$ cat work08.txt   # compact mmCIF, C-alpha atoms
# COMPACT_ATOMS: atom_id res chain seq x y z
CA MET A 231 0.00 0.00 0.00
CA GLY A 232 2.86 2.38 0.81
CA VAL A 233 4.63 1.76 -2.50
CA SER A 234 1.31 2.17 -4.30
CA ILE A 235 0.81 5.56 -2.62
CA GLY A 236 4.27 6.73 -3.69
CA CYS A 237 3.75 5.66 -7.29
CA SER A 238 0.32 7.28 -7.43
CA MET A 239 1.77 10.60 -6.26
CA VAL A 240 4.39 10.57 -9.02
CA TRP A 241 1.73 9.63 -11.57
CA ASP A 242 -0.42 12.55 -10.38
CA VAL A 243 2.25 15.09 -11.37
CA LEU A 244 2.27 13.74 -14.93
CA TRP A 245 -1.53 13.46 -14.95
CA LYS A 246 -1.99 17.14 -14.11
CA MET A 247 0.60 18.22 -16.65
CA GLY A 248 -1.25 16.27 -19.34
CA TRP A 249 -4.69 17.74 -18.65
CA ARG A 250 -3.33 21.27 -18.25
CA SER A 251 -1.60 21.16 -21.63
CA LEU A 252 -3.36 22.60 -24.68
CA PRO A 253 -4.15 19.15 -26.19
CA GLY A 254 -5.44 18.01 -22.78
CA LYS A 255 -7.75 21.04 -22.48
CA ARG A 256 -9.06 20.52 -26.00
CA LEU A 257 -9.67 16.83 -25.31
CA TRP A 258 -11.60 17.61 -22.11
CA THR A 259 -13.71 20.22 -23.94
CA GLU A 260 -14.68 17.58 -26.49
CA ILE A 261 -15.40 15.02 -23.75
CA GLU A 262 -17.70 17.53 -22.01
CA ARG A 263 -19.52 18.23 -25.27
CA LEU A 264 -20.11 14.54 -25.96
CA SER A 265 -21.20 13.92 -22.38
CA ARG A 266 -23.82 16.65 -22.50
CA SER A 267 -25.13 15.44 -25.85
CA TRP A 268 -25.59 11.89 -24.52
CA ALA A 269 -26.89 12.86 -21.08
CA SER A 270 -30.53 13.24 -22.15
CA ARG A 271 -30.49 9.76 -23.71
CA LEU A 272 -28.74 7.89 -20.91
CA LEU A 273 -29.28 9.70 -17.61
CA VAL A 274 -32.29 10.26 -15.39
CA ASN A 275 -30.92 13.67 -14.41
CA GLU A 276 -29.06 15.62 -17.10
CA GLN A 277 -27.15 17.45 -14.36
CA ASP A 278 -25.13 14.23 -14.03
CA ALA A 279 -23.68 14.66 -17.55
CA LEU A 280 -20.17 15.18 -16.18
CA LEU A 281 -20.39 11.80 -14.43
CA LEU A 282 -20.42 9.97 -17.77
CA PRO A 283 -16.69 10.45 -18.52
CA ILE A 284 -16.03 9.06 -15.04
CA ILE A 285 -18.51 6.18 -14.92
CA LEU A 286 -17.86 4.69 -18.35
CA PRO A 287 -14.07 4.43 -17.89
CA LEU A 288 -14.64 2.95 -14.42
CA ILE A 289 -16.69 0.18 -16.03
CA ILE A 290 -14.25 -0.53 -18.85
CA TYR A 291 -10.82 0.29 -17.43
CA PRO A 292 -10.63 -2.14 -14.45
CA THR A 293 -11.93 -4.91 -16.70
CA ILE A 294 -9.12 -4.35 -19.20
CA ILE A 295 -6.27 -4.15 -16.68
CA SER A 296 -7.59 -7.19 -14.78
CA ALA A 297 -7.85 -9.24 -17.96
CA ALA A 298 -4.36 -8.12 -19.02
CA CYS A 299 -2.86 -9.16 -15.67
CA VAL A 300 -4.56 -12.57 -15.81
CA TYR A 301 -3.22 -13.10 -19.32
CA ILE A 302 0.34 -12.03 -18.44
CA GLN A 303 0.40 -13.98 -15.16
CA TYR A 304 -0.88 -17.28 -16.51
CA ALA A 305 -0.32 -17.24 -20.29
CA VAL A 306 2.96 -15.33 -20.54
CA LEU A 307 4.60 -16.09 -17.18
CA LYS A 308 3.06 -19.59 -17.04
CA GLY A 309 1.96 -19.14 -13.44
CA VAL A 310 5.36 -17.97 -12.11
CA TRP A 311 4.19 -15.41 -9.60
CA SER A 312 5.06 -11.75 -10.22
CA TYR A 313 4.73 -9.31 -7.33
CA GLY A 314 5.78 -6.54 -9.71
CA LEU A 315 2.78 -7.24 -11.92
CA MET A 316 0.50 -7.24 -8.89
CA LEU A 317 1.89 -3.88 -7.75
CA LEU A 318 1.45 -2.44 -11.25
CA PHE A 319 -2.17 -3.61 -11.22
CA HIS A 320 -2.89 -1.80 -7.96
CA VAL A 321 -1.17 1.41 -9.04
CA LEU A 322 -3.14 1.42 -12.31
CA ARG A 323 -6.36 0.49 -10.50
CA MET A 324 -6.07 3.26 -7.89
CA GLY A 325 -5.04 5.94 -10.37
CA PRO A 326 -3.03 9.16 -9.96
CA TYR A 327 -3.37 10.30 -6.35
CA PHE A 328 -6.11 7.64 -5.92
CA ARG A 329 -8.43 9.47 -8.32
CA PHE A 330 -9.95 6.29 -9.77
CA PHE A 331 -10.46 4.81 -6.31
CA ALA A 332 -11.92 8.06 -4.97
CA HIS A 333 -14.36 8.44 -7.85
CA ALA A 334 -15.41 4.80 -7.66
CA ALA A 335 -16.10 5.04 -3.92
CA THR A 336 -17.91 8.37 -4.27
CA LEU A 337 -20.08 7.23 -7.17
CA ILE A 338 -21.03 3.98 -5.42
CA HIS A 339 -21.95 6.16 -2.45
CA LYS A 340 -24.05 8.46 -4.64
CA GLU A 341 -25.68 5.48 -6.36
CA GLY A 342 -26.73 4.15 -2.95
CA HIS A 343 -28.66 7.37 -2.32
CA PHE A 344 -30.23 7.64 -5.80
CA ARG A 345 -33.45 5.63 -5.46
CA ARG A 346 -34.39 6.22 -9.10
CA GLY A 347 -30.93 5.22 -10.25
CA LEU A 348 -28.57 7.18 -12.47
CA PHE A 349 -29.49 5.67 -15.83
CA LYS A 350 -32.64 5.51 -17.92
CA VAL A 351 -31.48 2.13 -19.19
CA ARG A 352 -32.51 -0.13 -16.30
CA PHE A 353 -29.75 -2.76 -16.56
CA LEU A 354 -27.10 -0.05 -16.11
CA ASN A 355 -28.47 1.01 -12.73
CA ARG A 356 -26.47 -0.36 -9.79
CA ILE A 357 -23.68 -1.40 -12.17
CA LEU A 358 -21.28 0.58 -10.00
CA GLU A 359 -22.16 -1.31 -6.83
CA TRP A 360 -22.59 -4.72 -8.46
CA TYR A 361 -19.69 -4.61 -10.91
CA VAL A 362 -17.20 -1.76 -10.44
CA GLY A 363 -17.35 -2.25 -6.67
CA PHE A 364 -15.82 -5.72 -6.92
CA PHE A 365 -12.60 -4.21 -8.30
CA TYR A 366 -12.44 -1.68 -5.46
CA GLY A 367 -13.26 -3.83 -2.43
CA HIS A 368 -16.94 -2.88 -2.03
CA VAL A 369 -19.45 -5.44 -0.77
CA PRO A 370 -22.73 -5.10 -2.73
CA GLU A 371 -25.70 -3.61 -0.85
CA SER A 372 -23.39 -1.93 1.67
CA TYR A 373 -24.23 1.63 0.71
CA ARG A 374 -27.87 1.10 -0.27
CA VAL A 375 -28.66 -0.64 3.03
CA ASN A 376 -25.92 -0.24 5.64
CA HIS A 377 -24.92 3.31 4.83
CA VAL A 378 -28.39 4.72 4.18
CA LYS A 379 -30.40 2.77 6.76
CA LEU A 380 -27.81 2.67 9.52
CA HIS A 381 -25.26 5.48 9.27
CA HIS A 382 -27.70 8.12 8.03
CA ARG A 383 -30.51 6.97 10.26
CA PHE A 384 -28.46 7.36 13.44
CA ASP A 385 -26.01 10.08 12.27
CA ASN A 386 -22.92 8.94 14.20
CA GLN A 387 -24.84 8.42 17.45
CA TYR A 388 -24.42 5.29 19.57
CA ASP A 389 -26.81 3.14 17.51
CA ASP A 390 -24.66 3.83 14.44
CA VAL A 391 -22.26 0.89 14.10
CA THR A 392 -19.58 3.25 12.73
CA THR A 393 -19.91 5.87 15.48
CA THR A 394 -16.79 7.73 16.57
CA LEU A 395 -18.29 8.84 19.90
CA PRO A 396 -16.68 6.24 22.24
CA PHE A 397 -13.16 6.99 20.99
CA ASP A 398 -10.63 9.55 22.18
CA ARG A 399 -9.81 10.95 18.74
CA SER A 400 -6.88 12.94 20.14
CA ASP A 401 -5.07 9.64 20.78
CA PRO A 402 -3.78 7.98 17.56
CA VAL A 403 -4.10 4.49 19.09
CA ASN A 404 -7.86 4.94 19.16
CA PHE A 405 -7.96 4.90 15.36
CA VAL A 406 -6.70 1.30 15.49
CA TYR A 407 -9.67 0.46 17.71
CA TYR A 408 -11.99 2.32 15.37
CA LEU A 409 -10.56 0.45 12.37
CA GLY A 410 -11.67 -2.78 14.05
CA GLU A 411 -15.18 -1.37 14.35
CA PHE A 412 -15.15 -0.26 10.71
CA VAL A 413 -13.95 -3.68 9.51
CA LEU A 414 -17.02 -5.25 11.13
CA TYR A 415 -19.18 -2.64 9.41
CA TRP A 416 -17.54 -2.89 5.98
CA THR A 417 -17.71 -6.68 5.90
CA GLY A 418 -21.39 -6.45 6.90
CA ILE A 419 -21.06 -8.44 10.13
CA SER A 420 -22.07 -5.71 12.58
CA CYS A 421 -24.80 -4.52 10.21
CA VAL A 422 -26.46 -7.93 9.99
CA ALA A 423 -26.18 -8.22 13.79
CA HIS A 424 -27.81 -4.81 14.17
CA PHE A 425 -30.73 -5.65 11.88
CA LEU A 426 -31.29 -9.04 13.48
CA ARG A 427 -31.35 -7.49 16.96
CA ARG A 428 -34.12 -5.21 15.71
CA ARG A 429 -35.92 -8.11 14.01
CA ASP A 430 -35.40 -6.37 10.66
CA THR A 431 -35.05 -9.59 8.69
CA ALA A 432 -35.55 -8.01 5.26
CA ASN A 433 -32.51 -5.72 5.55
CA ALA A 434 -30.44 -8.45 7.22
CA VAL A 435 -31.15 -10.79 4.29
CA GLN A 436 -30.41 -8.08 1.71
CA VAL A 437 -27.03 -7.39 3.30
CA GLY A 438 -26.39 -11.13 3.61
CA VAL A 439 -27.01 -11.67 -0.11
CA GLY A 440 -24.43 -9.02 -1.00
CA MET A 441 -21.94 -10.55 1.43
CA ALA A 442 -22.52 -14.02 0.00
CA TRP A 443 -21.85 -12.89 -3.57
CA TYR A 444 -18.72 -10.96 -2.62
CA TYR A 445 -17.08 -13.50 -0.34
CA CYS A 446 -18.04 -16.61 -2.31
CA LEU A 447 -16.43 -15.10 -5.42
CA GLY A 448 -13.33 -14.24 -3.38
CA LEU A 449 -13.08 -17.70 -1.86
CA GLY A 450 -13.47 -19.19 -5.33
CA LEU A 451 -10.51 -17.17 -6.58
CA VAL A 452 -8.48 -18.18 -3.52
CA ALA A 453 -9.29 -21.84 -4.25
CA LEU A 454 -8.03 -21.45 -7.83
CA ASP A 455 -4.84 -19.61 -6.78
CA TRP A 456 -4.52 -18.33 -3.23
CA ARG A 457 -1.94 -15.71 -4.24
CA PHE A 458 -4.24 -14.28 -6.91
CA GLY A 459 -7.30 -14.36 -4.66
CA LEU A 460 -5.52 -12.58 -1.83
CA GLY A 461 -3.35 -10.22 -3.90
CA TYR A 462 -5.84 -9.14 -6.55
CA TYR A 463 -9.21 -9.49 -4.80
CA PHE A 464 -8.95 -9.33 -1.01
CA LEU A 465 -6.12 -6.77 -0.85
CA PRO A 466 -8.38 -4.10 -2.46
CA HIS A 467 -11.00 -5.06 0.11
CA PHE A 468 -8.53 -4.46 2.95
CA GLU A 469 -7.22 -1.24 1.38
CA THR A 470 -10.74 0.14 1.08
CA MET A 471 -11.45 -0.64 4.72
CA VAL A 472 -8.36 1.31 5.77
CA TYR A 473 -8.89 4.32 3.51
CA LEU A 474 -12.64 4.69 4.05
CA SER A 475 -12.36 4.13 7.79
CA ALA A 476 -9.90 7.04 7.84
CA MET A 477 -12.36 9.15 5.84
CA ASN A 478 -15.32 8.37 8.08
CA TYR A 479 -13.18 8.84 11.20
CA VAL A 480 -12.14 12.36 10.23
CA TRP A 481 -15.58 13.28 8.86
CA HIS A 482 -17.00 12.68 12.35
CA ALA A 483 -13.92 13.21 14.53
CA PHE A 484 -14.98 16.56 15.99
CA VAL A 485 -18.00 16.33 18.27
CA ASP A 486 -19.13 18.62 21.06
CA PRO A 487 -19.53 16.31 24.11
CA ASN A 488 -22.18 18.71 25.42
CA ASP A 489 -24.14 18.69 22.16
CA PRO A 490 -23.32 15.45 20.27
CA ASN A 491 -26.42 15.71 18.05
CA ASN A 492 -25.34 19.03 16.52
CA GLU A 493 -24.78 18.14 12.87
CA TYR A 494 -22.90 21.37 12.12
CA ILE A 495 -20.27 20.33 14.65
CA SER A 496 -20.21 16.54 14.37
CA SER A 497 -19.84 16.53 10.58
CA LEU A 498 -17.03 18.16 8.64
CA THR A 499 -17.03 20.99 6.11
CA VAL A 500 -13.94 21.74 4.01
CA LEU A 501 -13.74 25.03 2.12
CA ASN A 502 -11.43 25.52 -0.84
CA GLY A 503 -10.72 21.80 -0.68
CA GLN A 504 -7.58 20.55 -2.38
CA TYR A 505 -9.16 17.20 -3.29
CA PRO A 506 -12.73 18.01 -4.34
CA VAL A 507 -14.75 14.98 -5.45
CA LEU A 508 -18.37 15.71 -6.38
CA ASN A 509 -18.86 18.14 -3.47
CA GLU A 510 -18.14 15.53 -0.79
CA ASP A 511 -16.42 18.28 1.22
CA TYR A 512 -19.87 19.53 2.29
CA HIS A 513 -20.49 16.66 4.66
CA VAL A 514 -22.85 18.64 6.90
CA VAL A 515 -25.13 19.28 3.91
CA HIS A 516 -25.00 15.61 3.02
CA HIS A 517 -26.16 14.55 6.49
CA LEU A 518 -28.86 17.21 6.74
CA HIS A 519 -30.08 16.47 3.21
CA PRO A 520 -28.91 12.95 2.23
CA SER A 521 -30.90 12.92 -1.01
CA MET A 522 -29.78 16.35 -2.22
CA HIS A 523 -28.16 16.26 -5.64
CA TRP A 524 -24.39 16.72 -5.52
CA THR A 525 -24.54 19.79 -7.79
CA GLU A 526 -26.70 21.63 -5.24
CA MET A 527 -24.61 21.03 -2.11
CA ASN A 528 -22.29 24.02 -2.39
CA LYS A 529 -25.30 26.27 -3.08
CA GLU A 530 -27.05 24.92 0.02
CA TYR A 531 -23.96 25.69 2.09
CA GLU A 532 -23.82 29.26 0.77
CA ARG A 533 -27.55 29.68 1.44
CA THR A 534 -27.22 28.58 5.09
CA THR A 535 -23.82 30.04 6.01
CA ASP A 536 -25.40 31.91 8.92
CA GLU A 537 -26.32 28.60 10.56
CA TYR A 538 -22.71 27.45 10.33
CA ALA A 539 -21.57 30.66 12.03
CA LYS A 540 -24.29 30.44 14.68
CA ASN A 541 -23.26 26.86 15.58
CA GLN A 542 -19.50 27.47 15.34
CA ALA A 543 -19.38 24.64 12.81
CA THR A 544 -16.39 22.34 12.41
CA MET A 545 -14.81 23.80 9.30
CA PHE A 546 -11.34 23.77 7.75
CA SER A 547 -9.95 25.42 4.64
CA ASP A 548 -7.20 24.87 2.07
CA THR A 549 -6.75 21.19 2.88
CA HIS A 550 -8.48 17.83 2.29
CA GLU A 551 -9.78 14.94 4.37
CA PHE A 552 -6.74 12.66 4.06
CA GLU A 553 -4.46 15.52 5.11
CA LEU A 554 -6.73 16.27 8.08
CA PHE A 555 -6.59 12.59 9.02
CA ALA A 556 -2.78 12.61 8.79
CA TRP A 557 -2.61 15.66 11.07
CA LEU A 558 -5.03 14.02 13.49
CA VAL A 559 -3.13 10.73 13.90
CA THR A 560 0.26 12.47 14.03
CA ARG A 561 -1.10 14.86 16.69
CA ARG A 562 -0.44 17.97 14.60
CA PHE A 563 -3.18 19.88 16.37
CA ASP A 564 -1.32 23.08 15.55
CA LEU A 565 -1.98 22.54 11.84
CA LEU A 566 -5.61 21.69 12.52
CA ALA A 567 -5.97 24.96 14.44
CA ALA A 568 -4.17 26.92 11.71
CA HIS A 569 -6.66 25.69 9.10
CA PHE A 570 -9.78 25.91 11.30
CA VAL A 571 -12.37 28.37 9.94
CA ASP A 572 -14.11 30.73 12.37
CA LEU A 573 -16.89 32.41 10.40
CA ASN A 574 -17.54 34.77 13.32
CA GLY A 575 -13.94 35.97 13.33
CA LYS A 576 -13.72 35.96 17.14
CA LEU A 577 -11.51 32.98 17.97
CA THR A 578 -7.78 33.35 18.52
CA TYR A 579 -5.36 30.60 17.56
CA ASP A 580 -5.36 29.36 21.17
CA ASP A 581 -9.16 29.41 21.24
CA LYS A 582 -9.27 27.29 18.09
CA LEU A 583 -6.76 24.82 19.53
CA ALA A 584 -8.76 24.49 22.77
CA LEU A 585 -12.00 24.04 20.82
CA ILE A 586 -10.48 21.30 18.65
CA MET A 587 -9.17 19.41 21.66
CA HIS A 588 -12.57 19.69 23.35
CA ARG A 589 -14.32 18.24 20.30
CA LEU A 590 -11.93 15.29 20.07
CA GLN A 591 -12.87 13.90 23.48
CA PRO A 592 -14.93 10.70 23.81
CA VAL A 593 -18.66 11.07 24.43
CA PRO A 594 -20.19 8.70 27.00
CA PRO A 595 -23.35 6.80 25.97
CA PRO A 596 -26.73 8.03 27.19
CA THR A 597 -27.79 6.77 30.60
CA GLY A 598 -29.23 3.27 30.37
CA HIS A 599 -28.34 2.92 26.69
CA THR A 600 -28.17 -0.72 25.62
CA LEU A 601 -29.54 -0.70 22.06
CA THR A 602 -26.31 -1.17 20.13
CA TRP A 603 -24.82 -3.95 18.03
CA ARG A 604 -22.22 -4.47 20.73
CA GLY A 605 -24.94 -5.68 23.10
$ encode --input "work08.txt" --output "structure tokens"
Amino acid sequence: MGVSIGCSMVWDVLWKMGWRSLPGKRLWTEIERLSRSWASRLLVNEQDALLLPIILPLIIYPTIISAACVYIQYAVLKGVWSYGLMLLFHVLRMGPYFRFFAHAATLIHKEGHFRRGLFKVRFLNRILEWYVGFFYGHVPESYRVNHVKLHHRFDNQYDDVTTTLPFDRSDPVNFVYYLGEFVLYWTGISCVAHFLRRRDTANAVQVGVGMAWYYCLGLGLVALDWRFGLGYYFLPHFETMVYLSAMNYVWHAFVDPNDPNNEYISSLTVLNGQYPVLNEDYHVVHHLHPSMHWTEMNKEYERTTDEYAKNQATMFSDTHEFELFAWLVTRRFDLLAAHFVDLNGKLTYDDKLALIMHRLQPVPPPTGHTLTWRG
């Protein structure tokens, strides 16, 4: 994973140079034109036109590189195992600065919230979750059921199986504990347990079906060649657990212990984000309005800025979530304070630092609370 990160960063420099060049700009202009012309024929919402040049490559590209690696590994190398080929596969799969991974995860997330689906052509709907997701470590039905009906229903409170509340987020060791919780969520285990405890058999079965498809396919690949099954199929699954647990951890790392239900505080907002992906930086808007179209989220933030100021919202600028996570687990609270946004303009640097430390403290469960997957 570390080598893959390094390679992806180098690739990103070349990637940006290519798209910023005159031929790159002309190519993107033509791609935008074609996308808009096809949007009315393919998409339910024409505002999603710019998703076409992301979705279509995500369907085709992983298929091609996977098939090429299978051919080289077993037809050319005659089964002599190549770790270099496996590394190349993961670098190509993740993309420059993880762009392909980030867009895949974000689009699967969006697809989980779009009840009508993205496409007018019915068989294309859910193709991200039920096809692209297998290349990027996503268990089918996770977002449509677990994310929507668990995470968004309980909004990081104690009945949410991915809650950050019990953890001291100022202590890096606590992320290791949280990762264990997220693994149980991402595999579906804690979600099925949650639904069964509530006698919600329908959702438990739906999650179980997705788990069965994902893990039976993986075990089949392991049976054929354990190195291939682990290196090409289950490693992306593990990577995704790590990366998305870090994302969810930092998205809900800052909570006021005296007001844990305050969405403006307990969810993150990043202004002038350095890694913008379909307006995911407006996480408060997403939790307040889960079904809001991604193109409207920045407008909703601008419309309700006064509420953010009134609630002294958790906001940072000129950064991105992975950088915030890195500062959090390396205890660079000084950098967090330096990038904290005070819309009221009243907080000093020391005030910001004290506020951040206050919001990183664990929140005890409500008195008598027992309704959690932990039992």
$ residues_around --input "work08.txt" --residues "Leu288 (chain A)" --least-positions-apart "4" --cutoff "8 Å" --atoms "only C-alpha atoms" --output "PyMOL selection string"
chain A and resi 284+292+330+334+362
$ residues_around --input "work08.txt" --residues "Thr525 (chain A)" --least-positions-apart "2" --cutoff "8 Å" --atoms "all atoms listed in the file" --output "VMD selection string"
chain A and resid 277 508 to 509 523 527 to 528
$ atom_distance --input "work08.txt" --atom1 "CA of Tyr361 (chain A)" --atom2 "CA of Ile289 (chain A)"
7.6 Å
$ atom_distance --input "work08.txt" --atom1 "CA of Ile290 (chain A)" --atom2 "CA of Phe365 (chain A)"
11.3 Å
$ closest_residue --input "work08.txt" --among "A:Leu454, A:Ile495, A:Ala476, A:Met587" --to "Phe552 (chain A)" --atoms "all atoms listed in the file"
A:Ala476
$ residues_around --input "work08.txt" --residues "Leu315 (chain A)" --least-positions-apart "4" --cutoff "10 Å" --atoms "only C-alpha atoms" --output "PyMOL selection string"
chain A and resi 299-300+302-303+311+319-321
$ residues_around --input "work08.txt" --residues "Arg561 (chain A)" --least-positions-apart "5" --cutoff "12 Å" --atoms "only C-alpha atoms" --output "ChimeraX atom specification"
/A:399-403,554-556,566-567,583,586-587,590
$ closest_residue --input "work08.txt" --among "A:Gln387, A:Thr470, A:Ser475, A:Thr259" --to "Leu409 (chain A)" --atoms "only C-alpha atoms"
A:Ser475
$ residues_around --input "work08.txt" --residues "region 372-377 of chain A" --least-positions-apart "5" --cutoff "9 Å" --atoms "all atoms listed in the file" --output "VMD selection string"
chain A and resid 338 to 345 359 382 to 383 415 to 418 421 to 422 433 436 to 437 440 to 441
$ atom_distance --input "work08.txt" --atom1 "CA of Asp385 (chain A)" --atom2 "CA of Val593 (chain A)"
14.2 Å
$ closest_atom_pairs --input "work08.txt" --of "region 480-561 of chain A" --to "region 579-582 of chain A" --cutoff "12 Å" --atoms "all atoms listed in the file" --output "CSV"
residue,atom,partner,partner_atom,distance
A:Gln542,CA,A:Lys582,CA,10.6
A:Ala543,CA,A:Lys582,CA,11.7
A:Thr544,CA,A:Lys582,CA,10.4
A:Met545,CA,A:Lys582,CA,11.0
A:Phe546,CA,A:Lys582,CA,11.1
$ closest_residue --input "work08.txt" --among "A:Arg323, A:Val240, A:Met522, A:Gly448" --to "Pro287 (chain A)" --atoms "all atoms listed in the file"
A:Arg323
$ closest_residue --input "work08.txt" --among "A:Val515, A:Ile419, A:Val500, A:Leu449" --to "Val435 (chain A)" --atoms "only C-alpha atoms"
A:Ile419
$ build_atoms --input "work08.txt" --residues "region 577-591 of chain A" --atoms "N, CA, C and O atoms" --output "short mmCIF file (atom, residue, chain, number, x, y, z; two decimals), keeping the file's coordinate frame"
data_model
loop_
_atom_site.label_atom_id
_atom_site.label_comp_id
_atom_site.auth_asym_id
_atom_site.auth_seq_id
_atom_site.Cartn_x
_atom_site.Cartn_y
_atom_site.Cartn_z
N LEU A 577 -12.39 33.92 17.29
CA LEU A 577 -11.51 32.98 17.97
C LEU A 577 -10.04 33.27 17.67
O LEU A 577 -9.66 33.49 16.51
N THR A 578 -9.22 33.27 18.71
CA THR A 578 -7.78 33.35 18.52
C THR A 578 -7.26 31.96 18.17
O THR A 578 -7.99 30.96 18.24
N TYR A 579 -5.98 31.90 17.84
CA TYR A 579 -5.36 30.60 17.56
C TYR A 579 -5.50 29.67 18.77
O TYR A 579 -5.86 28.49 18.63
N ASP A 580 -5.25 30.18 19.96
CA ASP A 580 -5.36 29.36 21.17
C ASP A 580 -6.79 28.91 21.41
O ASP A 580 -7.03 27.79 21.88
N ASP A 581 -7.75 29.78 21.11
CA ASP A 581 -9.16 29.41 21.24
C ASP A 581 -9.50 28.25 20.30
O ASP A 581 -10.21 27.31 20.69
N LYS A 582 -9.01 28.33 19.07
CA LYS A 582 -9.27 27.29 18.09
C LYS A 582 -8.66 25.96 18.55
O LYS A 582 -9.28 24.89 18.44
N LEU A 583 -7.44 26.02 19.06
CA LEU A 583 -6.76 24.82 19.53
C LEU A 583 -7.54 24.19 20.69
O LEU A 583 -7.75 22.96 20.73
N ALA A 584 -8.00 25.01 21.62
CA ALA A 584 -8.76 24.49 22.77
C ALA A 584 -10.09 23.89 22.31
O ALA A 584 -10.53 22.84 22.82
N LEU A 585 -10.73 24.54 21.33
CA LEU A 585 -12.00 24.04 20.82
C LEU A 585 -11.83 22.69 20.13
O LEU A 585 -12.63 21.76 20.32
N ILE A 586 -10.77 22.56 19.34
CA ILE A 586 -10.48 21.30 18.65
C ILE A 586 -10.25 20.18 19.65
O ILE A 586 -10.81 19.08 19.52
N MET A 587 -9.45 20.43 20.66
CA MET A 587 -9.17 19.41 21.66
C MET A 587 -10.43 19.01 22.42
O MET A 587 -10.63 17.84 22.75
N HIS A 588 -11.30 19.97 22.67
CA HIS A 588 -12.57 19.69 23.35
C HIS A 588 -13.44 18.76 22.50
O HIS A 588 -14.06 17.82 23.02
N ARG A 589 -13.45 19.00 21.19
CA ARG A 589 -14.32 18.24 20.30
C ARG A 589 -13.75 16.86 19.93
O ARG A 589 -14.44 16.07 19.28
N LEU A 590 -12.53 16.60 20.34
CA LEU A 590 -11.93 15.29 20.07
C LEU A 590 -12.11 14.30 21.23
O LEU A 590 -11.71 13.14 21.12
N GLN A 591 -12.72 14.74 22.31
CA GLN A 591 -12.87 13.90 23.48
C GLN A 591 -13.99 12.88 23.29
O GLN A 591 -14.96 13.15 22.58
#
